[in-house]
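Trainee: Input: one structure, supplied below.
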Amino acid sequence: MDLNKVREIAKDRMKGYCRVCPVCDGRACAGQVPGIGGTGTGSAFSANLNALAKVKLNLRTIHEAVNPDLSIAVFGEKLNTPILAAPITGASINMGGAISEREMVDAMLQGTLAAGSLGMTGDTGVPSMYDDGLAGIRAVNGRGIPFIKPRSNDEIKKRIEKAEEAGALAVGVDVDGAGLITMALNGQPVGPKSFKDIKELVSFTELPFIIKGIMTADEAETVAAAGVSAIVISNHGGRVLDYAQGAARVLPAIADRLDGKLTIFADGGVRAGTDVLKLLALGADAVLVGRPLIIGAFGGDREGVKLTIETYTKQLLQAMILTGTAKASDVPQGVVVS
């Protein structure tokens, strides 16, 4: 199996929900939410890709980085690659249902593990889908990270307890889902969180706690003060706020403000290993991939996910060699020009 075959199968299985475009930039699916497009004009979706495209790599070939080390550590787990699967849910709501939620969860979690990485699971307007994610995490002996929508704290706590019972490595809340249409359509209220709310949730569990959806330096400082272990720089794939900035544009200021206080994940618009290197150079500790892995799951199950991550990892290795980057865990800012 190769990526072309994976994409061919996915295109057929996702017909009417995703066109599996040659370039996944959100143009053809703008406004298709539910679906996997960006909200409104699709500007926030394309902003992620445009922000990455503006960042250029410095070619360097006079150095000793002959065999770069791609490994990183995440919550005590050593990974072979800094590329992880973003929390994704809604196989039936957003993607047509050609595979079930549990099948997608298993493809993501098992495919990422086979590639030497980790996967994340999500939450949506159908509560049972969060449970599907936890079942998948149990099946891989806890090597996965569930994310919960910004429901009431009482509802979040119930789901944190389930994550603990599943043996998850960490748990997160994707606050960028505060205005999701799919949640409203299914009668599942969500909304913004205060500093007090986040601090309460952090103190509720001994698991590392992640907040996803940070796009400004001041909010990064706020959640750091609340005691979170990690953040995800993300505009929710451009699916919540039209005209939001791209993740790569805001990442450097956030990384500079935090100055190593916590782990920084970044997602949005990653379509190649060079994109991964750019985000690492801009301040991320690891990078999350979303839509390309959905296509991998629909087109090739766990093997499609594994193949996608391995392909991006090979591209990252080549880019590291050609920029003189010795370690994925320590990418110098000078690798890029932005």
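Here, A, B, ... name the chains of the structure tokens in the order displayed, residue numbers run from 1 inside each chain, and ligands are numbered from 1 in the same displayed order.
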DSSP on the backbone, then: every residue of range 189-288 of chain A marked strand (DSSP E), written as a ChimeraX atom specification.
Mentor: /A:209-214,230-233,263-267,286-288
Trainee: Which of range 137-262 of chain A counts as alpha helix (DSSP H) under DSSP, as a tab-separated table (two decimals) with C-alpha atoms, in the first residue's frame please?
Mentor:
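Here's the written file selection25.tsv:
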```
chain	number	residue	atom	x	y	z
A	137	ILE	CA	-7.05	3.69	24.72
A	138	ARG	CA	-7.68	0.68	26.95
A	139	ALA	CA	-6.94	-1.58	23.99
A	153	ASN	CA	-16.72	21.41	34.98
A	154	ASP	CA	-18.93	18.75	36.56
A	155	GLU	CA	-19.35	17.02	33.20
A	156	ILE	CA	-15.63	17.32	32.45
A	157	LYS	CA	-14.76	15.79	35.81
A	158	LYS	CA	-16.93	12.75	35.05
A	159	ARG	CA	-15.00	12.26	31.84
A	160	ILE	CA	-11.64	12.80	33.55
A	161	GLU	CA	-12.49	9.99	35.95
A	162	LYS	CA	-13.23	7.74	32.99
A	163	ALA	CA	-9.86	8.69	31.47
A	164	GLU	CA	-8.13	7.77	34.71
A	165	GLU	CA	-9.92	4.43	34.79
A	181	ILE	CA	-21.96	23.83	15.77
A	182	THR	CA	-21.96	20.04	16.12
A	183	MET	CA	-22.16	20.32	19.91
A	184	ALA	CA	-25.08	22.75	19.74
A	185	LEU	CA	-26.92	20.60	17.21
A	195	PHE	CA	-8.78	30.75	35.09
A	196	LYS	CA	-10.67	29.43	38.11
A	197	ASP	CA	-12.35	26.72	36.03
A	198	ILE	CA	-9.04	25.50	34.63
A	199	LYS	CA	-7.27	25.55	37.97
A	200	GLU	CA	-10.13	23.50	39.45
A	201	LEU	CA	-9.80	20.89	36.70
A	202	VAL	CA	-6.01	20.71	36.98
A	203	SER	CA	-6.27	20.08	40.74
A	204	PHE	CA	-8.97	17.44	40.21
A	217	ALA	CA	0.56	34.72	24.62
A	218	ASP	CA	-1.52	36.14	27.47
A	219	GLU	CA	-3.82	33.10	27.55
A	220	ALA	CA	-0.74	30.86	27.44
A	221	GLU	CA	0.53	32.59	30.57
A	222	THR	CA	-2.89	32.29	32.20
A	223	VAL	CA	-3.13	28.52	31.77
A	224	ALA	CA	0.51	28.10	32.78
A	225	ALA	CA	-0.34	29.90	36.03
A	247	ALA	CA	-1.07	28.59	14.36
A	248	ALA	CA	2.43	29.14	12.93
A	249	ARG	CA	1.94	32.89	13.08
A	250	VAL	CA	1.19	33.04	16.81
A	251	LEU	CA	3.46	30.20	17.96
A	252	PRO	CA	6.77	32.15	18.30
A	253	ALA	CA	5.31	34.80	20.61
A	254	ILE	CA	3.68	32.16	22.79
A	255	ALA	CA	6.84	30.04	23.00
A	256	ASP	CA	8.87	33.13	23.86
A	257	ARG	CA	6.47	34.14	26.63
A	258	LEU	CA	6.37	30.66	28.18
```
Trainee: Would you give me, as a Markdown table, each residue of range 237-276 of chain A having an atom within 10 Å of an atom of range 17-27 of chain A, along with its shortest atom pair and that distance in Å to one decimal, using only C-alpha atoms and sorting by chain and residue number?
Mentor:
```
| residue | atom | partner | partner_atom | distance |
| --- | --- | --- | --- | --- |
| A:Gly237 | CA | A:Gly26 | CA | 9.7 |
| A:Gly238 | CA | A:Gly26 | CA | 9.0 |
| A:Gly269 | CA | A:Asp25 | CA | 7.7 |
| A:Val270 | CA | A:Cys24 | CA | 9.7 |
| A:Arg271 | CA | A:Cys24 | CA | 7.9 |
```
Trainee: Name the residues in contact with Asp330 in chain A at a cut-off of 10 Å, using only C-alpha atoms, excluding same-chain residues fewer than 4 positions from it; report them as a PyMOL selection string.
Mentor: chain A and resi 69-70+72+280-281+283-285+325-326
Trainee: Near Leu180 in chain A, counting only C-alpha atoms, which residues have an atom at most 12 Å away, once you skip same-chain residues fewer than 3 positions from it, shown as number ranges by chain?
Mentor: A: 33-35, 38-39, 123-125, 149-151, 174-177, 183-192, 235-241
Trainee: Write out as a tab-separated table the residues of range 241-274 of chain A that have any atom within 9 Å of an atom of range 306-314 of chain A, one row each with the nearest atom pair and its distance in Å to one decimal, counting only C-alpha atoms, sorted by chain and then rising number.
Mentor:
```
residue	atom	partner	partner_atom	distance
A:Arg271	CA	A:Tyr312	CA	8.0
A:Ala272	CA	A:Tyr312	CA	5.3
A:Gly273	CA	A:Tyr312	CA	4.3
A:Thr274	CA	A:Tyr312	CA	8.1
```
Trainee: Kindly save the residues from that selection, with N, CA and C atoms included, as a compact mmCIF listing (two decimals), in the first residue's frame.
Mentor:
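Listing of part25.txt after writing:
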```txt
# COMPACT_ATOMS: atom_id res chain seq x y z
N ARG A 271 1.17 19.39 6.35
CA ARG A 271 0.96 18.55 5.18
C ARG A 271 2.24 17.86 4.72
N ALA A 272 3.33 18.05 5.44
CA ALA A 272 4.61 17.44 5.07
C ALA A 272 5.57 17.53 6.24
N GLY A 273 6.67 16.78 6.15
CA GLY A 273 7.68 16.81 7.19
C GLY A 273 8.35 18.17 7.33
N THR A 274 8.43 18.92 6.25
CA THR A 274 9.00 20.27 6.33
C THR A 274 8.14 21.18 7.20
```
Trainee: Could you name the residues that touch Val55 in chain A at 6 Å or less, counting only C-alpha atoms, but leaving out those on the same chain fewer than 3 positions away, as JSON, numbers by chain?
Mentor: {"A": [52, 337, 338]}
Trainee: Using only C-alpha atoms, which of A:Leu279, A:Ala85, A:Gly136, A:Ala226 sits nearest Asp106 in chain A?
Mentor: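 Checking each candidate against Asp106 in chain A, we get A:Gly136 as the closest.
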Trainee: Just give me the gap between CA of Leu169 in chain A and CA of Glu206 in chain A in Å, one decimal is fine.
Mentor: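 If I compute the distance from CA of Leu169 in chain A to CA of Glu206 in chain A, I get 10.4 Å.
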Trainee: Residues at most 9 Å from Leu79 in chain A, counting only C-alpha atoms, excluding those fewer than 2 positions away in the same chain, as a PyMOL selection string?
Mentor: chain A and resi 70-74+77+81-83+113+116-118
Trainee: Restrict the selected residues to N, CA and C atoms and save them as a PDB file, in the first residue's frame.
Mentor:
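Writing done, so here's selection_33.pdb:
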```pdb
ATOM      1  N   LEU A  70      15.479  11.901  15.792  1.00  0.00           N
ATOM      2  CA  LEU A  70      14.093  12.356  15.690  1.00  0.00           C
ATOM      3  C   LEU A  70      13.283  12.092  16.945  1.00  0.00           C
ATOM      4  N   SER A  71      13.866  11.451  17.937  1.00  0.00           N
ATOM      5  CA  SER A  71      13.110  11.056  19.117  1.00  0.00           C
ATOM      6  C   SER A  71      12.816  12.239  20.034  1.00  0.00           C
ATOM      7  N   ILE A  72      11.686  12.137  20.726  1.00  0.00           N
ATOM      8  CA  ILE A  72      11.308  13.108  21.754  1.00  0.00           C
ATOM      9  C   ILE A  72      10.680  12.339  22.905  1.00  0.00           C
ATOM     10  N   ALA A  73      10.471  13.011  24.020  1.00  0.00           N
ATOM     11  CA  ALA A  73       9.762  12.403  25.155  1.00  0.00           C
ATOM     12  C   ALA A  73       8.501  13.202  25.442  1.00  0.00           C
ATOM     13  N   VAL A  74       7.391  12.496  25.616  1.00  0.00           N
ATOM     14  CA  VAL A  74       6.104  13.123  25.939  1.00  0.00           C
ATOM     15  C   VAL A  74       5.510  12.410  27.144  1.00  0.00           C
ATOM     16  N   GLU A  77       6.957   9.107  27.931  1.00  0.00           N
ATOM     17  CA  GLU A  77       6.990   8.153  26.830  1.00  0.00           C
ATOM     18  C   GLU A  77       8.011   8.610  25.790  1.00  0.00           C
ATOM     19  N   THR A  81       9.311   9.790  16.824  1.00  0.00           N
ATOM     20  CA  THR A  81       9.028  10.922  15.948  1.00  0.00           C
ATOM     21  C   THR A  81       8.259  11.988  16.725  1.00  0.00           C
ATOM     22  N   PRO A  82       8.435  13.251  16.397  1.00  0.00           N
ATOM     23  CA  PRO A  82       7.683  14.311  17.074  1.00  0.00           C
ATOM     24  C   PRO A  82       6.302  14.553  16.473  1.00  0.00           C
ATOM     25  N   ILE A  83       5.841  13.631  15.632  1.00  0.00           N
ATOM     26  CA  ILE A  83       4.562  13.778  14.932  1.00  0.00           C
ATOM     27  C   ILE A  83       3.523  12.881  15.598  1.00  0.00           C
ATOM     28  N   LEU A 113       0.980   4.216  17.191  1.00  0.00           N
ATOM     29  CA  LEU A 113       1.891   3.391  17.980  1.00  0.00           C
ATOM     30  C   LEU A 113       2.813   2.571  17.084  1.00  0.00           C
ATOM     31  N   GLY A 116       5.684   4.450  16.057  1.00  0.00           N
ATOM     32  CA  GLY A 116       6.548   4.912  17.136  1.00  0.00           C
ATOM     33  C   GLY A 116       6.103   6.215  17.751  1.00  0.00           C
ATOM     34  N   SER A 117       4.801   6.505  17.676  1.00  0.00           N
ATOM     35  CA  SER A 117       4.295   7.765  18.187  1.00  0.00           C
ATOM     36  C   SER A 117       3.086   7.518  19.087  1.00  0.00           C
ATOM     37  N   LEU A 118       2.259   8.556  19.272  1.00  0.00           N
ATOM     38  CA  LEU A 118       1.074   8.482  20.109  1.00  0.00           C
ATOM     39  C   LEU A 118      -0.119   9.128  19.417  1.00  0.00           C
TER      40      LEU A 118
END
```
Trainee: Which residues, written as a list in words, have at least one atom at most 7 Å from Gly119 in chain A, with only C-alpha atoms counted and residues fewer than 4 positions away on the same chain left out?
Mentor: Leu84, Ala85, Ala86, Met108, Leu109, Thr112, Gly144 and Ile145 of chain A
Trainee: Write the selection just made, keeping all heavy atoms, as a PDB file, in the first residue's frame?
Mentor:
```
ATOM      1  N   LEU A  84       2.484  13.487  16.177  1.00  0.00           N
ATOM      2  CA  LEU A  84       1.423  12.762  16.878  1.00  0.00           C
ATOM      3  C   LEU A  84       0.097  12.983  16.166  1.00  0.00           C
ATOM      4  O   LEU A  84      -0.052  13.907  15.365  1.00  0.00           O
ATOM      5  CB  LEU A  84       1.303  13.234  18.326  1.00  0.00           C
ATOM      6  CG  LEU A  84       2.419  12.879  19.311  1.00  0.00           C
ATOM      7  CD1 LEU A  84       3.669  13.719  19.080  1.00  0.00           C
ATOM      8  CD2 LEU A  84       1.941  13.068  20.759  1.00  0.00           C
ATOM      9  N   ALA A  85      -0.873  12.136  16.480  1.00  0.00           N
ATOM     10  CA  ALA A  85      -2.220  12.301  15.930  1.00  0.00           C
ATOM     11  C   ALA A  85      -3.021  13.251  16.802  1.00  0.00           C
ATOM     12  O   ALA A  85      -3.077  13.091  18.021  1.00  0.00           O
ATOM     13  CB  ALA A  85      -2.932  10.955  15.844  1.00  0.00           C
ATOM     14  N   ALA A  86      -3.630  14.247  16.196  1.00  0.00           N
ATOM     15  CA  ALA A  86      -4.482  15.197  16.914  1.00  0.00           C
ATOM     16  C   ALA A  86      -5.758  14.508  17.380  1.00  0.00           C
ATOM     17  O   ALA A  86      -6.158  13.475  16.828  1.00  0.00           O
ATOM     18  CB  ALA A  86      -4.829  16.370  16.005  1.00  0.00           C
ATOM     19  N   MET A 108      -6.330   5.246  14.428  1.00  0.00           N
ATOM     20  CA  MET A 108      -5.473   6.343  14.879  1.00  0.00           C
ATOM     21  C   MET A 108      -4.504   5.882  15.959  1.00  0.00           C
ATOM     22  O   MET A 108      -3.288   6.103  15.864  1.00  0.00           O
ATOM     23  CB  MET A 108      -6.327   7.498  15.415  1.00  0.00           C
ATOM     24  CG  MET A 108      -7.147   8.214  14.374  1.00  0.00           C
ATOM     25  SD  MET A 108      -6.094   9.178  13.245  1.00  0.00           S
ATOM     26  CE  MET A 108      -7.363   9.929  12.228  1.00  0.00           C
ATOM     27  N   LEU A 109      -5.026   5.254  17.000  1.00  0.00           N
ATOM     28  CA  LEU A 109      -4.181   4.872  18.129  1.00  0.00           C
ATOM     29  C   LEU A 109      -3.191   3.769  17.763  1.00  0.00           C
ATOM     30  O   LEU A 109      -2.004   3.842  18.094  1.00  0.00           O
ATOM     31  CB  LEU A 109      -5.052   4.418  19.303  1.00  0.00           C
ATOM     32  CG  LEU A 109      -5.923   5.495  19.951  1.00  0.00           C
ATOM     33  CD1 LEU A 109      -6.806   4.875  21.031  1.00  0.00           C
ATOM     34  CD2 LEU A 109      -5.087   6.611  20.543  1.00  0.00           C
ATOM     35  N   THR A 112      -0.584   5.089  15.028  1.00  0.00           N
ATOM     36  CA  THR A 112       0.462   5.958  15.572  1.00  0.00           C
ATOM     37  C   THR A 112       1.462   5.153  16.397  1.00  0.00           C
ATOM     38  O   THR A 112       2.674   5.382  16.305  1.00  0.00           O
ATOM     39  CB  THR A 112      -0.136   7.090  16.433  1.00  0.00           C
ATOM     40  OG1 THR A 112      -1.027   6.529  17.406  1.00  0.00           O
ATOM     41  CG2 THR A 112      -0.875   8.093  15.594  1.00  0.00           C
ATOM     42  N   GLY A 144      -2.548   6.569  25.042  1.00  0.00           N
ATOM     43  CA  GLY A 144      -3.327   7.522  24.270  1.00  0.00           C
ATOM     44  C   GLY A 144      -3.776   8.636  25.192  1.00  0.00           C
ATOM     45  O   GLY A 144      -3.725   8.510  26.424  1.00  0.00           O
ATOM     46  N   ILE A 145      -4.212   9.752  24.593  1.00  0.00           N
ATOM     47  CA  ILE A 145      -4.595  10.920  25.383  1.00  0.00           C
ATOM     48  C   ILE A 145      -5.983  11.396  24.949  1.00  0.00           C
ATOM     49  O   ILE A 145      -6.154  11.842  23.814  1.00  0.00           O
ATOM     50  CB  ILE A 145      -3.585  12.056  25.208  1.00  0.00           C
ATOM     51  CG1 ILE A 145      -2.183  11.597  25.643  1.00  0.00           C
ATOM     52  CG2 ILE A 145      -4.016  13.291  25.998  1.00  0.00           C
ATOM     53  CD1 ILE A 145      -1.084  12.598  25.324  1.00  0.00           C
TER      54      ILE A 145
END
```
Trainee: What separation in Å, quoted to one decimal, exists between CA of Asn4 in chain A and CA of Ile321 in chain A?
Mentor: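 A separation of 26.0 Å between them.
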Trainee: Have a look at CA of Leu288 in chain A and CA of Ile211 in chain A and let me know their distance in Å, one decimal.
Mentor: 13.8 Å
Trainee: Calculated over only C-alpha atoms, which of the candidates A:Val171, A:Ala244, A:Ala107, A:Ala297 has the smallest distance to Ser43 in chain A?
Mentor: A:Ala244
